[in-house]
$ cat entry.pdb   # PDB, C-alpha atoms
ATOM      1  CA  MET W   1    -104.514 183.187-156.057
ATOM      2  CA  GLN W   2    -106.388 179.926-156.438
ATOM      3  CA  ARG W   3    -103.188 177.977-155.691
ATOM      4  CA  ARG W   4    -102.647 179.986-152.493
ATOM      5  CA  THR W   5    -106.238 179.360-151.366
ATOM      6  CA  THR W   6    -105.809 175.633-151.958
ATOM      7  CA  LEU W   7    -102.539 175.633-150.021
ATOM      8  CA  ASN W   8    -104.104 177.477-147.087
ATOM      9  CA  ALA W   9    -106.988 175.005-147.013
ATOM     10  CA  ALA W  10    -104.563 172.068-147.001
ATOM     11  CA  LEU W  11    -102.574 173.624-144.176
ATOM     12  CA  SER W  12    -105.777 174.141-142.190
ATOM     13  CA  VAL W  13    -106.723 170.496-142.619
ATOM     14  CA  LEU W  14    -103.261 169.348-141.525
ATOM     15  CA  THR W  15    -103.347 171.657-138.510
ATOM     16  CA  ALA W  16    -106.778 170.411-137.455
ATOM     17  CA  THR W  17    -105.654 166.804-137.881
ATOM     18  CA  ALA W  18    -102.510 167.401-135.828
ATOM     19  CA  LEU W  19    -104.537 169.082-133.077
ATOM     20  CA  ALA W  20    -106.989 166.179-133.048
ATOM     21  CA  TRP W  21    -104.170 163.643-132.868
ATOM     22  CA  GLY W  22    -102.494 165.639-130.121
ATOM     23  CA  ALA W  23    -105.700 165.896-128.133
ATOM     24  CA  SER W  24    -106.299 162.185-128.564
ATOM     25  CA  ALA W  25    -102.766 161.336-127.463
ATOM     26  CA  HIS W  26    -103.035 163.699-124.499
ATOM     27  CA  ALA W  27    -106.327 162.132-123.487
ATOM     28  CA  GLN W  28    -104.802 158.672-123.659
ATOM     29  CA  ASN W  29    -101.690 159.696-121.722
ATOM     30  CA  ALA W  30    -103.745 161.395-119.013
ATOM     31  CA  ALA W  31    -106.429 158.727-119.011
ATOM     32  CA  PRO W  32    -107.500 157.644-115.531
ATOM     33  CA  ARG W  33    -106.879 154.073-114.493
ATOM     34  CA  ILE W  34    -109.960 152.048-113.580
ATOM     35  CA  ALA W  35    -110.196 148.660-111.903
ATOM     36  CA  VAL W  36    -113.324 146.619-112.573
ATOM     37  CA  THR W  37    -114.039 144.163-109.775
ATOM     38  CA  ASP W  38    -115.747 140.820-110.052
ATOM     39  CA  LEU W  39    -119.321 140.982-108.811
ATOM     40  CA  ALA W  40    -119.507 140.724-105.029
ATOM     41  CA  TYR W  41    -121.953 138.082-103.912
ATOM     42  CA  ALA W  42    -123.264 137.276-100.433
ATOM     43  CA  GLN W  43    -125.717 134.467 -99.727
ATOM     44  CA  GLN W  44    -127.072 132.718 -96.658
ATOM     45  CA  VAL W  45    -125.950 129.108 -96.351
ATOM     46  CA  SER W  46    -127.439 126.543 -93.975
ATOM     47  CA  GLU W  47    -125.729 123.271 -93.154
ATOM     48  CA  TYR W  48    -126.362 120.339 -90.824
ATOM     49  CA  PHE W  49    -123.527 119.466 -88.472
ATOM     50  CA  MET W  50    -122.881 116.561 -86.085
ATOM     51  CA  ALA W  51    -120.029 116.154 -83.619
ATOM     52  CA  GLY W  52    -119.581 113.143 -81.356
ATOM     53  CA  GLN W  53    -117.041 111.197 -79.349
ATOM     54  CA  TYR W  54    -117.664 107.708 -77.948
ATOM     55  CA  GLN W  55    -115.490 105.162 -76.068
ATOM     56  CA  ARG W  56    -116.450 101.747 -74.702
ATOM     57  CA  SER W  57    -114.671  98.806 -72.987
ATOM     58  CA  SER W  58    -116.004  95.581 -71.369
ATOM     59  CA  GLN W  59    -114.618  92.578 -69.446
ATOM     60  CA  MET W  60    -116.262  89.318 -68.383
ATOM     61  CA  SER W  61    -115.119  86.154 -66.516
ATOM     62  CA  ALA W  62    -117.153  83.132 -65.279
ATOM     63  CA  GLN W  63    -116.520  80.067 -63.058
ATOM     64  CA  GLY W  64    -118.964  77.256 -62.246
ATOM     65  CA  SER W  65    -119.330  74.536 -59.552
ATOM     66  CA  GLN W  66    -122.060  72.178 -58.404
ATOM     67  CA  GLY W  67    -122.817  69.847 -55.502
ATOM     68  CA  GLY W  68    -125.262  67.100 -54.447
ATOM     69  CA  GLY W  69    -125.741  63.803 -52.524
ATOM     70  CA  TYR W  70    -127.056  60.271 -53.034
ATOM     71  CA  SER W  71    -128.293  57.363 -50.912
ATOM     72  CA  HIS W  72    -129.026  53.616 -51.574
ATOM     73  CA  GLY W  73    -131.226  52.810 -48.650
ATOM     74  CA  PRO W  74    -130.494  52.086 -45.018
ATOM     75  CA  TYR W  75    -127.931  49.431 -45.825
ATOM     76  CA  GLY W  76    -126.626  50.552 -49.238
ATOM     77  CA  GLY W  77    -124.504  53.523 -48.241
ATOM     78  CA  SER W  78    -124.636  57.190 -49.202
ATOM     79  CA  GLY W  79    -122.458  59.932 -50.632
ATOM     80  CA  SER W  80    -122.315  63.644 -51.450
ATOM     81  CA  TYR W  81    -120.624  66.098 -53.799
ATOM     82  CA  SER W  82    -120.268  69.896 -53.953
ATOM     83  CA  GLY W  83    -119.054  72.642 -56.359
ATOM     84  CA  GLN W  84    -118.474  76.407 -56.638
ATOM     85  CA  GLN W  85    -119.289  78.997 -59.293
ATOM     86  CA  SER W  86    -118.458  82.662 -59.754
ATOM     87  CA  MET W  87    -118.902  85.375 -62.421
ATOM     88  CA  GLN W  88    -117.361  88.782 -62.926
ATOM     89  CA  ALA W  89    -118.341  91.491 -65.435
ATOM     90  CA  SER W  90    -117.104  95.013 -66.080
ATOM     91  CA  GLU W  91    -118.191  97.647 -68.643
ATOM     92  CA  GLN W  92    -117.246 101.287 -69.212
ATOM     93  CA  ALA W  93    -118.809 103.669 -71.706
ATOM     94  CA  SER W  94    -118.586 107.392 -72.375
ATOM     95  CA  GLY W  95    -119.884 109.428 -75.263
ATOM     96  CA  THR W  96    -120.729 112.941 -76.470
ATOM     97  CA  TYR W  97    -123.183 113.724 -79.207
ATOM     98  CA  VAL W  98    -124.143 117.166 -80.516
ATOM     99  CA  ALA W  99    -126.080 117.852 -83.701
ATOM    100  CA  GLY W 100    -127.928 120.769 -85.182
ATOM    101  CA  ARG W 101    -128.286 123.156 -88.118
ATOM    102  CA  TYR W 102    -126.019 126.162 -88.583
ATOM    103  CA  SER W 103    -126.653 129.173 -90.835
ATOM    104  CA  TYR W 104    -124.094 131.749 -91.929
ATOM    105  CA  ILE W 105    -123.430 134.327 -94.654
ATOM    106  CA  GLU W 106    -121.006 133.201 -97.342
ATOM    107  CA  MET W 107    -118.952 135.986 -98.957
ATOM    108  CA  ARG W 108    -117.456 135.507-102.382
ATOM    109  CA  GLU W 109    -117.028 137.023-105.854
ATOM    110  CA  LEU W 110    -119.019 135.927-108.876
ATOM    111  CA  GLY W 111    -116.636 135.670-111.803
ATOM    112  CA  GLY W 112    -117.410 135.405-115.492
ATOM    113  CA  TYR W 113    -119.684 138.438-115.887
ATOM    114  CA  THR W 114    -117.229 141.367-115.955
ATOM    115  CA  ASN W 115    -114.970 140.678-118.948
ATOM    116  CA  ASP W 116    -117.569 142.058-121.344
ATOM    117  CA  ILE W 117    -117.870 145.156-119.137
ATOM    118  CA  LYS W 118    -114.122 145.669-119.437
ATOM    119  CA  GLY W 119    -114.332 145.208-123.193
ATOM    120  CA  ALA W 120    -117.112 147.786-123.518
ATOM    121  CA  ILE W 121    -115.085 150.324-121.499
ATOM    122  CA  LEU W 122    -111.983 149.723-123.612
ATOM    123  CA  GLN W 123    -113.980 150.040-126.810
ATOM    124  CA  GLY W 124    -116.026 153.088-125.849
ATOM    125  CA  THR W 125    -113.607 155.173-123.728
ATOM    126  CA  TYR W 126    -110.009 156.320-123.425
ATOM    127  CA  PHE W 127    -109.749 154.900-119.901
ATOM    128  CA  LYS W 128    -107.004 152.483-118.942
ATOM    129  CA  LEU W 129    -107.911 149.333-117.077
ATOM    130  CA  VAL W 130    -105.814 147.776-114.326
ATOM    131  CA  GLN W 131    -106.255 144.343-112.789
ATOM    132  CA  GLY W 132    -106.959 144.288-109.072
ATOM    133  CA  ARG W 133    -106.293 141.466-106.662
ATOM    134  CA  GLY W 134    -109.001 138.955-105.904
ATOM    135  CA  PHE W 135    -111.061 139.150-102.744
ATOM    136  CA  ASP W 136    -109.183 137.955 -99.650
ATOM    137  CA  ALA W 137    -111.640 135.894 -97.621
ATOM    138  CA  GLY W 138    -109.168 135.433 -94.772
ATOM    139  CA  ALA W 139    -107.677 132.313 -93.236
ATOM    140  CA  PRO W 140    -109.698 129.086 -93.471
ATOM    141  CA  GLN W 141    -112.013 128.576 -90.498
ATOM    142  CA  ASN W 142    -113.011 125.384 -88.721
ATOM    143  CA  SER W 143    -116.399 123.983 -89.557
ATOM    144  CA  LYS W 144    -119.205 124.243 -87.033
ATOM    145  CA  ALA W 145    -118.824 120.546 -86.160
ATOM    146  CA  GLU W 146    -115.125 121.038 -85.432
ATOM    147  CA  GLN W 147    -115.844 124.101 -83.298
ATOM    148  CA  VAL W 148    -118.451 122.253 -81.224
ATOM    149  CA  LEU W 149    -116.228 119.211 -80.786
ATOM    150  CA  ASN W 150    -113.318 121.370 -79.607
ATOM    151  CA  GLN W 151    -115.661 123.109 -77.190
ATOM    152  CA  VAL W 152    -116.859 119.802 -75.719
ATOM    153  CA  GLN W 153    -113.355 118.402 -75.372
ATOM    154  CA  GLY W 154    -111.683 121.541 -74.069
ATOM    155  CA  GLY W 155    -114.583 123.061 -72.168
ATOM    156  CA  LYS W 156    -114.037 126.457 -73.768
ATOM    157  CA  MET W 157    -116.234 128.136 -76.318
ATOM    158  CA  ALA W 158    -114.502 128.972 -79.584
ATOM    159  CA  LYS W 159    -113.869 132.660 -80.050
ATOM    160  CA  PRO W 160    -115.731 133.945 -83.117
ATOM    161  CA  VAL W 161    -113.481 135.261 -85.869
ATOM    162  CA  ARG W 162    -114.780 138.126 -87.949
ATOM    163  CA  GLN W 163    -114.602 137.325 -91.629
ATOM    164  CA  ASN W 164    -113.719 139.836 -94.315
ATOM    165  CA  ASP W 165    -116.708 141.511 -95.949
ATOM    166  CA  VAL W 166    -116.678 141.308 -99.737
ATOM    167  CA  THR W 167    -119.025 144.305 -99.997
ATOM    168  CA  ASN W 168    -116.832 146.607 -97.862
ATOM    169  CA  VAL W 169    -115.020 148.335-100.697
ATOM    170  CA  ILE W 170    -113.369 150.906 -98.396
ATOM    171  CA  ALA W 171    -111.673 148.172 -96.365
ATOM    172  CA  ARG W 172    -110.560 146.455 -99.548
ATOM    173  CA  LEU W 173    -109.131 149.720-100.867
ATOM    174  CA  LYS W 174    -107.166 150.221 -97.647
ATOM    175  CA  LYS W 175    -105.772 146.686 -97.956
ATOM    176  CA  GLY W 176    -104.396 147.572-101.393
ATOM    177  CA  GLU W 177    -106.498 145.175-103.452
ATOM    178  CA  PHE W 178    -106.782 147.780-106.252
ATOM    179  CA  LYS W 179    -103.280 149.193-106.195
ATOM    180  CA  GLY W 180    -102.513 151.538-109.096
ATOM    181  CA  ALA W 181    -106.157 152.351-109.861
ATOM    182  CA  ASP W 182    -107.564 155.884-109.737
ATOM    183  CA  TYR W 183    -111.128 154.620-109.718
ATOM    184  CA  VAL W 184    -112.843 151.320-108.950
ATOM    185  CA  LEU W 185    -116.013 150.171-110.665
ATOM    186  CA  PHE W 186    -117.474 148.075-107.861
ATOM    187  CA  GLY W 187    -120.439 145.761-108.485
ATOM    188  CA  VAL W 188    -122.633 143.838-106.057
ATOM    189  CA  VAL W 189    -125.161 141.203-107.128
ATOM    190  CA  SER W 190    -128.681 142.162-106.060
ATOM    191  CA  SER W 191    -130.558 139.291-107.649
ATOM    192  CA  ILE W 192    -129.742 136.289-109.791
ATOM    193  CA  ASP W 193    -132.452 133.946-110.972
ATOM    194  CA  PHE W 194    -132.545 130.967-113.325
ATOM    195  CA  THR W 195    -135.840 130.050-114.977
ATOM    196  CA  ASP W 196    -136.854 126.842-116.711
ATOM    197  CA  ALA W 197    -140.376 126.700-118.168
ATOM    198  CA  LEU W 198    -142.127 124.202-120.437
ATOM    199  CA  SER W 199    -145.118 125.570-122.356
ATOM    200  CA  PRO W 200    -147.330 123.454-124.635
ATOM    201  CA  LEU W 201    -148.249 124.853-128.046
ATOM    202  CA  GLN W 202    -152.015 124.979-128.356
ATOM    203  CA  GLY W 203    -153.491 122.723-131.019
ATOM    204  CA  THR W 204    -150.298 120.714-131.503
ATOM    205  CA  SER W 205    -148.344 117.993-129.761
ATOM    206  CA  SER W 206    -145.281 120.246-129.586
ATOM    207  CA  ALA W 207    -144.021 122.360-126.715
ATOM    208  CA  THR W 208    -141.465 125.087-126.086
ATOM    209  CA  ARG W 209    -138.830 124.935-123.388
ATOM    210  CA  GLN W 210    -137.497 128.300-122.242
ATOM    211  CA  TYR W 211    -134.378 128.400-120.091
ATOM    212  CA  GLY W 212    -133.291 131.842-118.932
ATOM    213  CA  LEU W 213    -131.093 133.807-116.560
ATOM    214  CA  GLN W 214    -131.754 137.259-115.100
ATOM    215  CA  LEU W 215    -128.963 139.093-113.288
ATOM    216  CA  LEU W 216    -129.321 142.429-111.479
ATOM    217  CA  ALA W 217    -126.318 144.189-109.949
ATOM    218  CA  ASP W 218    -125.613 147.539-108.272
ATOM    219  CA  PHE W 219    -122.544 149.444-109.489
ATOM    220  CA  SER W 220    -120.568 152.364-108.079
ATOM    221  CA  LEU W 221    -117.589 154.187-109.581
ATOM    222  CA  ILE W 222    -115.490 155.216-106.569
ATOM    223  CA  ASP W 223    -112.443 157.471-106.325
ATOM    224  CA  THR W 224    -109.719 155.415-104.632
ATOM    225  CA  LYS W 225    -108.211 158.462-102.886
ATOM    226  CA  THR W 226    -111.221 160.500-101.765
ATOM    227  CA  TYR W 227    -113.836 157.688-101.788
ATOM    228  CA  GLU W 228    -116.096 160.012-103.764
ATOM    229  CA  ILE W 229    -118.792 158.276-105.789
ATOM    230  CA  LYS W 230    -118.680 159.416-109.402
ATOM    231  CA  ALA W 231    -121.494 157.203-110.694
ATOM    232  CA  ALA W 232    -124.039 154.859-109.141
ATOM    233  CA  PHE W 233    -126.653 152.761-110.910
ATOM    234  CA  SER W 234    -128.290 149.354-111.227
ATOM    235  CA  ALA W 235    -127.719 147.321-114.373
ATOM    236  CA  GLN W 236    -129.490 144.238-115.629
ATOM    237  CA  GLY W 237    -128.451 141.426-117.902
ATOM    238  CA  GLU W 238    -130.511 138.573-119.224
ATOM    239  CA  GLY W 239    -130.222 135.672-121.596
ATOM    240  CA  ASN W 240    -132.431 132.843-122.726
ATOM    241  CA  ASP W 241    -132.454 129.668-124.765
ATOM    242  CA  THR W 242    -135.719 128.581-126.373
ATOM    243  CA  LYS W 243    -136.243 125.169-127.926
ATOM    244  CA  ILE W 244    -139.308 123.851-129.746
ATOM    245  CA  LEU W 245    -139.859 120.186-128.882
ATOM    246  CA  SER W 246    -141.621 117.977-131.414
ATOM    247  CA  ASN W 247    -143.404 116.108-128.607
ATOM    248  CA  ARG W 248    -144.277 117.395-125.169
ATOM    249  CA  GLY W 249    -142.662 114.473-123.399
ATOM    250  CA  ASP W 250    -139.280 114.924-125.091
ATOM    251  CA  ILE W 251    -136.268 116.131-123.141
ATOM    252  CA  ALA W 252    -133.633 118.488-124.582
ATOM    253  CA  PRO W 253    -130.886 119.963-122.377
ATOM    254  CA  PRO W 254    -130.621 123.769-122.504
ATOM    255  CA  ASN W 255    -127.591 125.609-123.837
ATOM    256  CA  ARG W 256    -126.403 127.121-120.562
ATOM    257  CA  SER W 257    -123.233 128.635-122.014
ATOM    258  CA  LYS W 258    -125.306 130.582-124.561
ATOM    259  CA  VAL W 259    -127.569 131.878-121.813
ATOM    260  CA  MET W 260    -124.632 132.998-119.672
ATOM    261  CA  LYS W 261    -122.942 134.707-122.624
ATOM    262  CA  GLU W 262    -126.076 136.645-123.551
ATOM    263  CA  THR W 263    -126.491 137.683-119.921
ATOM    264  CA  SER W 264    -122.912 138.940-119.733
ATOM    265  CA  LEU W 265    -123.183 140.891-123.006
ATOM    266  CA  SER W 266    -126.483 142.572-122.157
ATOM    267  CA  LEU W 267    -125.181 143.454-118.691
ATOM    268  CA  ALA W 268    -122.096 145.074-120.232
ATOM    269  CA  GLN W 269    -124.219 147.181-122.590
ATOM    270  CA  ASP W 270    -126.392 148.432-119.745
ATOM    271  CA  VAL W 271    -123.359 149.217-117.558
ATOM    272  CA  TYR W 272    -121.581 151.173-120.304
ATOM    273  CA  GLN W 273    -124.669 153.144-121.274
ATOM    274  CA  GLN W 274    -125.421 154.250-117.723
ATOM    275  CA  LEU W 275    -121.782 154.900-116.817
ATOM    276  CA  ALA W 276    -121.165 157.093-119.873
ATOM    277  CA  GLY W 277    -124.429 158.971-119.291
ATOM    278  CA  GLN W 278    -123.800 159.738-115.633
ATOM    279  CA  LEU W 279    -120.208 160.888-116.116
ATOM    280  CA  GLY W 280    -121.511 163.729-118.277
ATOM    281  CA  TYR W 281    -123.247 165.158-115.201
ATOM    282  CA  THR W 282    -120.902 164.271-112.328
ATOM    283  CA  ASP W 283    -117.359 164.791-113.628
ATOM    284  CA  ALA W 284    -116.357 166.782-116.677
ATOM    285  CA  LYS W 285    -112.823 165.384-116.676
ATOM    286  CA  LEU W 286    -113.977 161.798-116.715
ATOM    287  CA  SER W 287    -116.637 162.647-119.255
ATOM    288  CA  ARG W 288    -113.939 163.736-121.735
ATOM    289  CA  GLY W 289    -112.616 160.191-121.598
ATOM    290  CA  VAL W 290    -115.765 158.840-123.274
ATOM    291  CA  ARG W 291    -115.551 158.533-127.054
ATOM    292  CA  ARG W 292    -118.312 160.863-128.149
ATOM    293  CA  GLY W 293    -119.936 160.665-131.550
ATOM    294  CA  GLN W 294    -119.590 156.889-131.668
ATOM    295  CA  PRO W 295    -122.374 154.344-131.290
ATOM    296  CA  MET W 296    -122.565 152.381-128.092
ATOM    297  CA  PRO W 297    -120.312 149.294-128.224
ATOM    298  CA  MET W 298    -122.313 146.310-129.383
ATOM    299  CA  PRO W 299    -121.387 142.643-129.034
ATOM    300  CA  MET W 300    -120.023 141.209-132.262
ATOM    301  CA  GLN W 301    -120.157 137.716-133.612
ATOM    302  CA  GLN W 302    -117.771 135.929-135.940
ATOM    303  CA  GLY W 303    -117.400 137.839-139.219
ATOM    304  CA  GLY W 304    -117.787 141.274-137.620
ATOM    305  CA  GLU W 305    -121.587 141.307-137.751
ATOM    306  CA  PRO W 306    -123.574 142.604-134.769
ATOM    307  CA  MET W 307    -125.015 139.841-132.646
ATOM    308  CA  ARG W 308    -128.770 139.452-132.970
ATOM    309  CA  GLU W 309    -131.217 137.399-130.979
ATOM    310  CA  ALA W 310    -131.295 133.858-132.272
ATOM    311  CA  PRO W 311    -134.661 132.378-133.307
ATOM    312  CA  PRO W 312    -136.051 129.464-131.290
ATOM    313  CA  GLU W 313    -134.260 126.208-132.009
ATOM    314  CA  GLN W 314    -136.457 123.346-133.128
ATOM    315  CA  VAL W 315    -135.545 120.003-131.632
ATOM    316  CA  ILE W 316    -136.854 116.766-133.197
ATOM    317  CA  ILE W 317    -136.119 113.614-131.191
ATOM    318  CA  LEU W 318    -136.330 110.390-133.153
ATOM    319  CA  LYS W 319    -137.526 107.387-131.224
TER     320      LYS W 319
END
$ encode --input "entry.pdb" --output "structure tokens"
Amino acid sequence: MQRRTTLNAALSVLTATALAWGASAHAQNAAPRIAVTDLAYAQQVSEYFMAGQYQRSSQMSAQGSQGGGYSHGPYGGSGSYSGQQSMQASEQASGTYVAGRYSYIEMRELGGYTNDIKGAILQGTYFKLVQGRGFDAGAPQNSKAEQVLNQVQGGKMAKPVRQNDVTNVIARLKKGEFKGADYVLFGVVSSIDFTDALSPLQGTSSATRQYGLQLLADFSLIDTKTYEIKAAFSAQGEGNDTKILSNRGDIAPPNRSKVMKETSLSLAQDVYQQLAGQLGYTDAKLSRGVRRGQPMPMPMQQGGEPMREAPPEQVIILK
């Protein structure tokens, strides 16, 4: 009797394990495909332009002559002389000069801050990731100076050409930039700010230099077929590098790569946390793709240890 009970318990464990493996395999086979875009970024750019065309030619010719007379009294005789002179000059000049300041909106993608987001999704979900095409900004356009110069020479105003909008995700979906994806995690930069502050330490000759980066972006998870929004949120990432200078007048360059890495990692954590939380309310099917019962993916350092905030680095400059 005891042997039969043990056998039944073992069979139950094997059955539960097989069901779990089957469910896991089914979830992976039916996992939706997601494309994570680089962060769309639009900024106003102002530039000074100058267009001009100038031609000049000149000619000059000169001839000289002179004349006069002389006399030696009533009995000495007299004489005279004469001459001619002439001068010609010619000059032609033509020129066009146009200058001014031109402002426009530059559309582009900010790379380098989405790989950690992809890693967090791979680590914390059963979703499959597909690589989309980069943003197509369209054919290269003439500069403002070239446009003005062509207008002056030809007498016709250049026809404005509408540029592709990096934030128009629907148009990009229709162009096939995310072919093969069921959903697109689309991000747009709302704010990006670098800080660099030097603070003296009271009562000492030392000072601290704090170099930081704050990045805020808006994200939307969009169905590529129905354009339905499955999740929408704002996520923030930040990083900093603090150095303690032995003297206030010392100069130590900041570790920009460290700051950018910390910003990318913290942004990925915030994105994953909000994405996984919202899917539990908006879509039950997508929510089953999140690995429940596991801690939120954390950035790891060499050796497998979780990454922790580094203490301020003391810099001593020998003179």
$ resolve_selection --input "entry.pdb" --expression "the PyMOL selection byres ((chain W and resi 170-182) around 7)" --output "PyMOL selection string"
chain W and resi 32-35+130+132-133+168-169+183-184+223-224
$ resolve_selection --input "entry.pdb" --expression "the PyMOL selection byres ((chain W and resi 118-128) around 6)" --output "JSON, numbers by chain"
{"W": [28, 31, 32, 33, 115, 116, 117, 129, 289, 290, 291, 297]}
$ closest_residue --input "entry.pdb" --among "W:Gln92, W:Ser86, W:Ser58, W:Thr114" --to "W:Lys261" --atoms "all atoms listed in the file"
W:Thr114
$ atom_distance --input "entry.pdb" --atom1 "atom CA of W:Asp241" --atom2 "atom CA of W:Ala42"
27.1 Å
$ closest_residue --input "entry.pdb" --among "W:Ser234, W:Gln214, W:Thr208, W:Ser190" --to "W:Ala252" --atoms "all atoms listed in the file"
W:Thr208
$ atom_distance --input "entry.pdb" --atom1 "atom CA of W:Gln269" --atom2 "atom CA of W:Tyr227"
25.5 Å
$ atom_distance --input "entry.pdb" --atom1 "atom CA of W:Arg292" --atom2 "atom CA of W:Phe219"
22.3 Å
$ resolve_selection --input "entry.pdb" --expression "the PyMOL selection byres ((chain W and resi 233) around 9)" --output "PyMOL selection string"
chain W and resi 217-220+231-232+234-235+271+274-275+278
$ axis_aligned_box --input "entry.pdb" --around "stretch 261-276 of chain W" --padding-each-side "4 Å" --output "JSON"
{"center_x": -123.8, "center_y": 145.9, "center_z": -120.2, "size_x": 13.3, "size_y": 30.4, "size_z": 14.7}
$ closest_residue --input "entry.pdb" --among "W:Thr226, W:Leu216, W:Ser57, W:Ala40" --to "W:Phe186" --atoms "all atoms listed in the file"
W:Ala40
